[in-house]
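Engineer: Below is the file entry03.txt, with compact mmCIF, C-alpha atoms.
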# COMPACT_ATOMS: atom_id res chain seq x y z
CA MET M 1 17.03 -14.24 -12.63
CA PRO M 2 13.45 -14.46 -13.92
CA LYS M 3 13.03 -15.21 -17.61
CA VAL M 4 11.21 -12.90 -20.03
CA ALA M 5 10.45 -13.99 -23.58
CA PHE M 6 9.69 -11.59 -26.42
CA VAL M 7 7.85 -13.30 -29.26
CA GLY M 8 8.63 -11.07 -32.20
CA ALA M 9 12.06 -9.50 -32.68
CA GLY M 10 11.00 -6.63 -34.91
CA ASN M 11 11.27 -3.00 -33.88
CA VAL M 12 8.96 -3.26 -30.87
CA GLY M 13 10.25 -6.55 -29.50
CA ALA M 14 13.93 -5.76 -30.01
CA THR M 15 13.60 -2.24 -28.55
CA ALA M 16 11.74 -3.62 -25.54
CA ALA M 17 14.53 -6.17 -25.07
CA VAL M 18 17.06 -3.32 -24.98
CA PHE M 19 15.03 -1.37 -22.42
CA LEU M 20 14.52 -4.44 -20.23
CA ALA M 21 18.17 -5.50 -20.44
CA GLU M 22 19.18 -2.12 -19.03
CA GLU M 23 16.84 -2.69 -16.08
CA ASN M 24 18.89 -5.78 -15.04
CA LEU M 25 15.73 -7.57 -14.01
CA ALA M 26 15.65 -10.73 -16.13
CA ASP M 27 17.27 -13.09 -18.55
CA ILE M 28 15.89 -12.40 -22.03
CA VAL M 29 15.05 -14.56 -25.00
CA MET M 30 13.80 -13.19 -28.32
CA ILE M 31 11.92 -15.45 -30.72
CA ASP M 32 11.10 -14.63 -34.34
CA VAL M 33 10.07 -16.67 -37.36
CA VAL M 34 12.60 -14.85 -39.58
CA ASP M 35 15.78 -16.89 -39.65
CA GLY M 36 18.66 -15.12 -37.89
CA LEU M 37 16.69 -12.00 -36.92
CA ALA M 38 16.27 -12.74 -33.21
CA ALA M 39 19.67 -14.42 -32.91
CA GLY M 40 21.43 -11.53 -34.61
CA LYS M 41 19.75 -8.87 -32.48
CA ALA M 42 20.40 -10.88 -29.33
CA LEU M 43 24.09 -11.19 -30.20
CA ASP M 44 24.30 -7.46 -30.84
CA LEU M 45 22.49 -6.64 -27.59
CA ALA M 46 24.63 -9.01 -25.53
CA ALA M 47 27.77 -7.29 -26.79
CA ALA M 48 26.43 -3.99 -25.42
CA GLY M 49 26.25 -5.44 -21.91
CA PRO M 50 29.72 -4.40 -20.77
CA LEU M 51 29.08 -0.88 -22.04
CA ARG M 52 25.55 -0.41 -20.77
CA GLY M 53 25.99 -2.24 -17.48
CA PHE M 54 23.61 -5.17 -17.73
CA SER M 55 24.50 -8.73 -16.85
CA GLY M 56 21.48 -10.92 -17.65
CA SER M 57 21.70 -13.41 -20.49
CA VAL M 58 20.30 -12.53 -23.92
CA ALA M 59 19.45 -15.16 -26.52
CA GLY M 60 17.60 -15.29 -29.81
CA THR M 61 16.05 -18.13 -31.82
CA THR M 62 13.29 -19.15 -34.22
CA ASP M 63 12.17 -21.98 -31.93
CA LEU M 64 9.11 -21.45 -29.73
CA ALA M 65 10.51 -24.16 -27.46
CA ALA M 66 12.63 -21.33 -26.01
CA LEU M 67 9.49 -20.19 -24.20
CA GLU M 68 10.12 -23.01 -21.73
CA GLY M 69 9.80 -21.77 -18.17
CA ALA M 70 9.31 -18.09 -19.01
CA ASP M 71 7.90 -15.99 -16.17
CA VAL M 72 6.60 -13.31 -18.55
CA VAL M 73 5.85 -13.62 -22.27
CA VAL M 74 5.49 -10.43 -24.29
CA THR M 75 3.88 -10.94 -27.70
CA THR M 76 4.79 -8.40 -30.36
CA ALA M 77 4.70 -10.70 -33.41
CA GLY M 78 2.48 -10.06 -36.41
CA LEU M 79 2.04 -7.59 -39.20
CA ALA M 80 2.50 -3.88 -38.53
CA ARG M 81 0.10 -1.26 -39.81
CA LYS M 82 0.71 0.43 -43.13
CA PRO M 83 -0.58 3.87 -44.15
CA GLY M 84 -4.36 3.81 -44.52
CA MET M 85 -4.69 0.52 -42.62
CA SER M 86 -6.75 0.38 -39.44
CA ARG M 87 -5.88 -1.86 -36.51
CA MET M 88 -8.90 -3.98 -37.35
CA ASP M 89 -7.59 -4.59 -40.89
CA LEU M 90 -4.85 -6.60 -39.23
CA LEU M 91 -7.20 -8.94 -37.42
CA ALA M 92 -7.42 -12.00 -39.69
CA LYS M 93 -3.70 -12.42 -40.27
CA ASN M 94 -2.56 -11.55 -36.78
CA ALA M 95 -5.18 -13.79 -35.18
CA GLU M 96 -3.80 -16.68 -37.22
CA ILE M 97 -0.22 -15.90 -36.17
CA MET M 98 -1.07 -15.40 -32.50
CA GLY M 99 -3.18 -18.55 -32.22
CA GLY M 100 -0.16 -20.79 -32.70
CA ILE M 101 1.98 -18.67 -30.40
CA ALA M 102 -0.66 -18.79 -27.66
CA GLU M 103 -0.77 -22.58 -27.84
CA ALA M 104 3.02 -22.71 -27.51
CA VAL M 105 2.85 -20.42 -24.46
CA ARG M 106 0.27 -22.73 -22.90
CA ALA M 107 2.50 -25.76 -23.47
CA ARG M 108 5.89 -24.26 -22.63
CA ALA M 109 5.18 -21.53 -20.07
CA PRO M 110 1.94 -22.54 -18.34
CA LEU M 111 2.53 -20.27 -15.34
CA ALA M 112 3.59 -17.17 -17.27
CA ILE M 113 2.03 -13.73 -17.30
CA ALA M 114 1.18 -12.96 -20.94
CA ILE M 115 1.44 -9.33 -22.02
CA ASN M 116 0.19 -8.63 -25.53
CA VAL M 117 1.28 -5.77 -27.80
CA THR M 118 0.08 -7.15 -31.16
CA ASN M 119 -2.77 -5.26 -32.85
CA PRO M 120 -5.73 -5.07 -32.90
CA LEU M 121 -4.68 -5.21 -29.30
CA ASP M 122 -7.88 -5.75 -27.33
CA VAL M 123 -9.17 -8.38 -29.76
CA ILE M 124 -5.87 -10.25 -30.00
CA THR M 125 -5.57 -10.21 -26.20
CA GLU M 126 -8.99 -11.88 -26.01
CA HIS M 127 -7.79 -14.39 -28.62
CA ILE M 128 -4.69 -15.22 -26.55
CA LEU M 129 -6.85 -15.65 -23.45
CA ARG M 130 -9.05 -18.16 -25.26
CA ARG M 131 -6.18 -20.09 -26.87
CA THR M 132 -4.05 -20.35 -23.73
CA GLY M 133 -6.94 -21.12 -21.41
CA PHE M 134 -5.15 -19.02 -18.78
CA PRO M 135 -7.13 -17.24 -16.07
CA ARG M 136 -7.94 -13.68 -17.07
CA GLU M 137 -5.54 -12.32 -14.44
CA ARG M 138 -2.57 -13.61 -16.46
CA VAL M 139 -3.46 -12.31 -19.96
CA ILE M 140 -3.14 -8.55 -20.25
CA GLY M 141 -3.00 -6.09 -23.15
CA MET M 142 -0.51 -3.23 -23.10
CA ALA M 143 -2.49 -0.44 -24.83
CA GLY M 144 -3.62 1.69 -21.90
CA VAL M 145 -0.10 2.35 -20.63
CA LEU M 146 0.97 3.52 -24.09
CA ASP M 147 -2.12 5.61 -24.80
CA SER M 148 -1.92 7.22 -21.36
CA ALA M 149 1.74 8.12 -21.93
CA ARG M 150 0.77 9.77 -25.21
CA PHE M 151 -2.04 11.68 -23.49
CA ARG M 152 0.33 12.84 -20.76
CA ALA M 153 2.88 13.97 -23.35
CA PHE M 154 0.34 15.97 -25.35
CA LEU M 155 -1.17 17.56 -22.24
CA ALA M 156 2.33 18.50 -21.08
CA GLN M 157 2.99 20.18 -24.43
CA GLU M 158 -0.22 22.19 -24.12
CA LEU M 159 0.63 23.13 -20.53
CA GLY M 160 4.33 23.81 -21.14
CA VAL M 161 5.38 21.54 -18.24
CA SER M 162 7.30 18.31 -17.71
CA PRO M 163 5.24 15.23 -18.61
CA ARG M 164 6.46 13.66 -15.38
CA ASP M 165 4.16 16.02 -13.48
CA VAL M 166 1.11 15.14 -15.59
CA HIS M 167 -1.09 12.26 -14.46
CA ALA M 168 -3.71 11.04 -16.88
CA MET M 169 -5.34 7.83 -17.97
CA VAL M 170 -6.86 6.43 -21.16
CA LEU M 171 -9.48 3.67 -21.06
CA GLY M 172 -11.33 1.67 -23.69
CA GLY M 173 -10.07 -0.06 -26.79
CA HIS M 174 -6.77 0.72 -28.48
CA GLY M 175 -8.38 2.51 -31.42
CA ASP M 176 -10.03 5.70 -32.55
CA GLU M 177 -12.74 5.32 -29.89
CA MET M 178 -10.32 5.22 -26.95
CA VAL M 179 -11.36 7.26 -23.90
CA PRO M 180 -8.86 9.82 -22.56
CA LEU M 181 -10.19 10.72 -19.10
CA VAL M 182 -10.09 14.50 -19.12
CA SER M 183 -12.10 14.57 -15.90
CA ALA M 184 -9.32 12.78 -13.98
CA ALA M 185 -6.23 14.38 -15.61
CA THR M 186 -4.07 16.46 -13.27
CA VAL M 187 -0.76 18.31 -13.21
CA GLY M 188 0.86 18.77 -9.82
CA GLY M 189 -2.46 17.82 -8.24
CA VAL M 190 -4.45 20.47 -10.17
CA ARG M 191 -7.07 19.38 -12.70
CA VAL M 192 -5.88 20.20 -16.22
CA SER M 193 -9.42 21.31 -17.05
CA GLU M 194 -8.80 24.28 -14.75
CA LEU M 195 -5.59 25.23 -16.58
CA LEU M 196 -6.32 24.58 -20.26
CA SER M 197 -8.99 25.91 -22.57
CA PRO M 198 -11.57 23.52 -24.02
CA ASP M 199 -9.83 23.84 -27.40
CA ALA M 200 -6.45 22.88 -25.93
CA LEU M 201 -7.98 19.89 -24.15
CA ALA M 202 -9.73 18.81 -27.33
CA ARG M 203 -6.43 19.00 -29.23
CA ALA M 204 -4.69 16.78 -26.69
CA VAL M 205 -7.53 14.26 -26.78
CA GLN M 206 -7.59 14.13 -30.58
CA ARG M 207 -3.81 13.80 -30.84
CA THR M 208 -3.95 10.91 -28.38
CA ARG M 209 -6.57 9.10 -30.44
CA THR M 210 -4.69 9.50 -33.71
CA ALA M 211 -1.09 9.23 -32.45
CA GLY M 212 -0.52 5.71 -33.76
CA ALA M 213 -1.89 6.51 -37.21
CA ASP M 214 0.06 9.79 -37.27
CA VAL M 215 3.33 7.92 -36.69
CA VAL M 216 2.45 5.43 -39.42
CA ALA M 217 1.70 8.25 -41.86
CA LEU M 218 5.00 9.98 -41.10
CA LEU M 219 7.20 6.88 -41.19
CA LYS M 220 5.46 5.49 -44.30
CA THR M 221 7.21 2.12 -43.94
CA GLY M 222 6.48 1.21 -40.32
CA SER M 223 4.66 2.02 -37.12
CA ALA M 224 5.51 3.33 -33.65
CA PHE M 225 7.98 1.17 -31.74
CA VAL M 226 9.91 3.15 -29.11
CA SER M 227 6.88 4.17 -27.05
CA PRO M 228 5.11 0.78 -27.33
CA ALA M 229 8.35 -0.92 -26.25
CA ALA M 230 8.69 1.41 -23.27
CA ALA M 231 5.06 0.78 -22.29
CA ALA M 232 5.52 -3.00 -22.49
CA VAL M 233 8.63 -2.88 -20.29
CA GLU M 234 6.79 -0.67 -17.79
CA MET M 235 4.29 -3.52 -17.40
CA VAL M 236 6.99 -6.21 -17.23
CA ARG M 237 8.67 -4.27 -14.43
CA CYS M 238 5.38 -4.09 -12.50
CA VAL M 239 5.15 -7.88 -12.68
CA LEU M 240 8.76 -8.79 -11.94
CA LEU M 241 9.04 -6.39 -8.99
CA ASP M 242 5.49 -7.00 -7.78
CA GLU M 243 4.97 -3.23 -7.78
CA ARG M 244 1.16 -3.48 -7.63
CA ARG M 245 0.80 -0.24 -9.54
CA LEU M 246 -2.49 1.16 -10.79
CA VAL M 247 -2.23 1.16 -14.59
CA PRO M 248 -4.73 1.10 -17.46
CA ALA M 249 -4.57 -2.17 -19.37
CA ALA M 250 -6.74 -4.42 -21.52
CA VAL M 251 -8.24 -7.28 -19.52
CA HIS M 252 -11.23 -9.59 -19.85
CA LEU M 253 -14.17 -8.11 -17.96
CA GLU M 254 -16.66 -10.05 -15.90
CA GLY M 255 -19.23 -7.41 -15.05
CA GLU M 256 -16.90 -4.50 -14.32
CA TYR M 257 -18.07 -1.23 -15.89
CA GLY M 258 -21.17 -3.15 -16.96
CA TYR M 259 -19.36 -5.36 -19.49
CA SER M 260 -18.87 -9.12 -19.64
CA GLY M 261 -17.20 -11.40 -22.17
CA ILE M 262 -15.07 -8.63 -23.63
CA THR M 263 -11.44 -7.50 -23.27
CA LEU M 264 -11.25 -3.75 -22.78
CA GLY M 265 -8.88 -1.17 -21.34
CA VAL M 266 -9.64 -0.35 -17.70
CA PRO M 267 -7.61 0.59 -14.61
CA ILE M 268 -6.07 -2.45 -12.92
CA VAL M 269 -3.64 -3.16 -10.12
CA LEU M 270 -0.70 -4.97 -11.74
CA GLY M 271 1.73 -7.12 -9.79
CA ARG M 272 3.51 -10.46 -9.70
CA ARG M 273 0.34 -12.46 -10.17
CA GLY M 274 -0.76 -10.29 -13.07
CA MET M 275 -4.02 -8.41 -12.63
CA GLU M 276 -4.69 -8.12 -8.91
CA LYS M 277 -8.04 -6.39 -9.42
CA VAL M 278 -10.02 -4.11 -11.71
CA VAL M 279 -10.54 -0.62 -10.31
CA GLU M 280 -13.81 1.06 -11.23
CA VAL M 281 -13.67 4.86 -11.46
CA GLU M 282 -16.46 7.34 -11.96
CA LEU M 283 -16.85 8.49 -15.56
CA SER M 284 -18.55 11.56 -16.94
CA ALA M 285 -21.57 11.06 -19.21
CA GLU M 286 -19.40 11.86 -22.24
CA GLU M 287 -16.68 9.44 -21.17
CA ARG M 288 -19.24 6.72 -20.56
CA ALA M 289 -20.66 7.27 -24.08
CA TRP M 290 -17.19 7.02 -25.61
CA LEU M 291 -16.49 3.85 -23.62
CA GLU M 292 -19.63 2.28 -25.06
CA LYS M 293 -18.50 3.21 -28.60
CA SER M 294 -15.12 1.68 -27.87
CA ALA M 295 -16.64 -1.49 -26.44
CA ALA M 296 -18.89 -1.85 -29.51
CA ALA M 297 -15.85 -1.69 -31.82
CA VAL M 298 -14.02 -4.32 -29.76
CA ARG M 299 -17.09 -6.58 -29.68
CA GLU M 300 -17.18 -6.46 -33.50
CA GLY M 301 -13.59 -7.62 -33.68
CA ILE M 302 -14.07 -10.37 -31.11
CA ALA M 303 -17.06 -11.66 -33.06
CA ALA M 304 -14.78 -12.06 -36.10
CA LEU M 305 -12.18 -14.17 -34.25
CA PRO M 306 -11.69 -17.72 -35.49
CA ARG M 307 -13.30 -20.33 -33.27
Could the structure of this file be written out as structure tokens, please?
Structural biologist:
Amino acid sequence: MPKVAFVGAGNVGATAAVFLAEENLADIVMIDVVDGLAAGKALDLAAAGPLRGFSGSVAGTTDLAALEGADVVVTTAGLARKPGMSRMDLLAKNAEIMGGIAEAVRARAPLAIAINVTNPLDVITEHILRRTGFPRERVIGMAGVLDSARFRAFLAQELGVSPRDVHAMVLGGHGDEMVPLVSAATVGGVRVSELLSPDALARAVQRTRTAGADVVALLKTGSAFVSPAAAAVEMVRCVLLDERRLVPAAVHLEGEYGYSGITLGVPIVLGRRGMEKVVEVELSAEERAWLEKSAAAVREGIAALPR
């Protein structure tokens, strides 16, 4: 079986490991700096195998040497947001944590696809790209898949339909300036703008932009973990099965959408080699303006990265 490593065995990493184990697609290793955390969760998860029907191996350790030979590395390590804390507040500490992890990935898993979940997501993904020295096709941020799932869920609630029938996409940075593409959102092939009032659409857009902070405010002692874990595993599946699906994800741009030298959420084709290509879609004037706001916020974070 292929090998998938989760660096960070907190709520997101451990939940993603559960979801992936039940897919029966890979052997799994969890790595966490906290002594016993990854090993304990791995032992617990392995014991669920006979009951949940998965047969891949599950291991846990504190040693980054366990990255050796991984086909996919999912980074979820770092501090989580607390109430009142923005994603950018996390930058200094999480950049320090992820720098060392990225260097270990480069040394131990030089052919891996790196999928980042750690916030501030776009900026940390750029940091991982720089520290690994990997080609941009193999360093990808998860945010767009998660934000698009949230947008689909909120549109479905406004429409009173199954979210499975709603197709929608969110571009830009994983922050308050993200860009839910109302112009391209459909349900059963019909544009949602033809079915919902402007107020209902605005509610869904705003809820999408604040969903992460809303969860933090409600939980008080943590941040979202089930939906980010599901989004990360969706991307891992695309890679392992070479599905070549069109998904929104954070990648380093080289002229696409008019941006260079920045990691930003855009539609990509995702498969076994990582990003197969960036897909450029037509944006409304309002969406283009929001994308520029989002890019400006990400540029500010990238400028603050340690050299």
Engineer: For a cut-off of 10 Å around (4.0, -4.8, -28.3), file coordinates, pick out all residues using only C-alpha atoms and list them as a PyMOL selection string.
Structural biologist: chain M and resi 6-8+10-13+15-16+74-78+115-119+121+141-143+146+224-233
Engineer: Extract, using only C-alpha atoms, all DNA, RNA and protein residues at most 12 Å from Ala104 of chain M, discarding same-chain residues fewer than 2 positions from it, and format them as a list in words.
Structural biologist: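 Once the adjacent positions are removed, what remains is Val7, Ile31, Asp63, Leu64, Ala65, Ala66, Leu67, Glu68, Gly69, Ala70, Val73, Thr75, Ile97, Met98, Gly99, Gly100, Ile101, Ala102, Arg106, Ala107, Arg108, Ala109, Pro110, Ala112, Ala114, Ile128, Arg131, Thr132 and Gly133 of chain M.
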Engineer: What does the structure give for the distance between atom CA of Val72 of chain M and atom CA of Ala5 of chain M, in Å to one decimal?
Structural biologist: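 Between these atoms lies a distance of 6.4 Å.
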Engineer: As a list in words, please: the residues near segment 172-181 of chain M (cut-off 8 Å, only C-alpha atoms, same-chain neighbours under 5 positions excluded).
Structural biologist: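 Listed by chain and then number, they are Arg87, Pro120, Leu121, Asp122, Ala143, Gly144, Asp147, Ser148, Phe151, Val205, Thr208, Arg209, Thr210, Ala250, Leu264, Gly265, Val266, Leu283, Glu287, Trp290, Leu291, Lys293, Ser294, Ala295, Ala297 and Val298 of chain M.
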Engineer: Have a look at M:Ile124, M:Met169, M:Ala249, M:Leu218 and name the one nearest to Ala304 of chain M; count only C-alpha atoms.
Structural biologist: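 With only C-alpha atoms as the atom set, the closest residue is M:Ile124.
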Engineer: Would you mind listing what lies within 12 Å of Asp35 of chain M as a ChimeraX atom specification, with only C-alpha atoms counted and same-chain residues fewer than 2 positions away left out?
Structural biologist: /M:8-9,31-33,37-41,60-63
Engineer: Rounded to one decimal in Å, what is the spacing between atom CA of Lys220 of chain M and atom CA of Ala80 of chain M?
Structural biologist: 11.4 Å
Engineer: Just how far from atom CA of Ala202 of chain M is atom CA of Pro163 of chain M, in Å to one decimal?
Structural biologist: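 So the answer is 17.7 Å.
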Engineer: Which residue gives the smallest distance to Glu243 of chain M among M:Val58, M:Glu276, M:Ser197, M:Glu158, with all atoms listed in the file counted?
Structural biologist: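 Smallest distance to Glu243 of chain M is found for M:Glu276.
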Engineer: Leaving out Leu246 of chain M and any residue of its chain fewer than 2 positions from it, which residues lie within 9 Å of it when counting all atoms listed in the file, given as a list in words?
Structural biologist: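 Here the answer would be Arg244, Pro248, Pro267, Ile268, Val269, Leu270 and Val279 of chain M.
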Engineer: Hey, what's within 12 Å of Gln157 of chain M if we count only C-alpha atoms and toss same-chain stuff fewer than 2 positions away? As a ChimeraX atom specification, please?
Structural biologist: /M:150-155,159-166,187,196,200-201,203-204,207
Engineer: Keeping only C-alpha atoms, write those residues as a PDB file, in the coordinates of the input.
Structural biologist:
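The result, stored in selection.pdb:
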ATOM      1  CA  ARG M 150       0.770   9.770 -25.210  1.00  0.00           C
ATOM      2  CA  PHE M 151      -2.040  11.680 -23.490  1.00  0.00           C
ATOM      3  CA  ARG M 152       0.330  12.840 -20.760  1.00  0.00           C
ATOM      4  CA  ALA M 153       2.880  13.970 -23.350  1.00  0.00           C
ATOM      5  CA  PHE M 154       0.340  15.970 -25.350  1.00  0.00           C
ATOM      6  CA  LEU M 155      -1.170  17.560 -22.240  1.00  0.00           C
ATOM      7  CA  LEU M 159       0.630  23.130 -20.530  1.00  0.00           C
ATOM      8  CA  GLY M 160       4.330  23.810 -21.140  1.00  0.00           C
ATOM      9  CA  VAL M 161       5.380  21.540 -18.240  1.00  0.00           C
ATOM     10  CA  SER M 162       7.300  18.310 -17.710  1.00  0.00           C
ATOM     11  CA  PRO M 163       5.240  15.230 -18.610  1.00  0.00           C
ATOM     12  CA  ARG M 164       6.460  13.660 -15.380  1.00  0.00           C
ATOM     13  CA  ASP M 165       4.160  16.020 -13.480  1.00  0.00           C
ATOM     14  CA  VAL M 166       1.110  15.140 -15.590  1.00  0.00           C
ATOM     15  CA  VAL M 187      -0.760  18.310 -13.210  1.00  0.00           C
ATOM     16  CA  LEU M 196      -6.320  24.580 -20.260  1.00  0.00           C
ATOM     17  CA  ALA M 200      -6.450  22.880 -25.930  1.00  0.00           C
ATOM     18  CA  LEU M 201      -7.980  19.890 -24.150  1.00  0.00           C
ATOM     19  CA  ARG M 203      -6.430  19.000 -29.230  1.00  0.00           C
ATOM     20  CA  ALA M 204      -4.690  16.780 -26.690  1.00  0.00           C
ATOM     21  CA  ARG M 207      -3.810  13.800 -30.840  1.00  0.00           C
TER      22      ARG M 207
END
Engineer: Considering all atoms listed in the file, can you say which of M:Asp199, M:Asp214, M:Glu282, M:Glu22 comes closest to Ala184 of chain M?
Structural biologist: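 Using all atoms listed in the file, Ala184 of chain M sits closest to M:Glu282.
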Engineer: Between M:Glu286, M:Asp44, M:Pro83, M:Gly255, which residue has the minimum interatomic distance to Gly212 of chain M, considering all atoms listed in the file?
Structural biologist: M:Pro83
Engineer: Between M:Met275, M:Val190, M:Leu111, M:Val236, which has the minimum distance to Ala21 of chain M (counting only C-alpha atoms)?
Structural biologist: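 Of M:Met275, M:Val190, M:Leu111, M:Val236, the one nearest Ala21 of chain M, counting only C-alpha atoms, is M:Val236.
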Engineer: Between M:Thr221, M:Pro2, M:Asn94, M:Asp71, which has the minimum distance to Gly56 of chain M (counting all atoms listed in the file)?
Structural biologist: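 Answer, going by the shortest atom-to-atom distance: M:Pro2.
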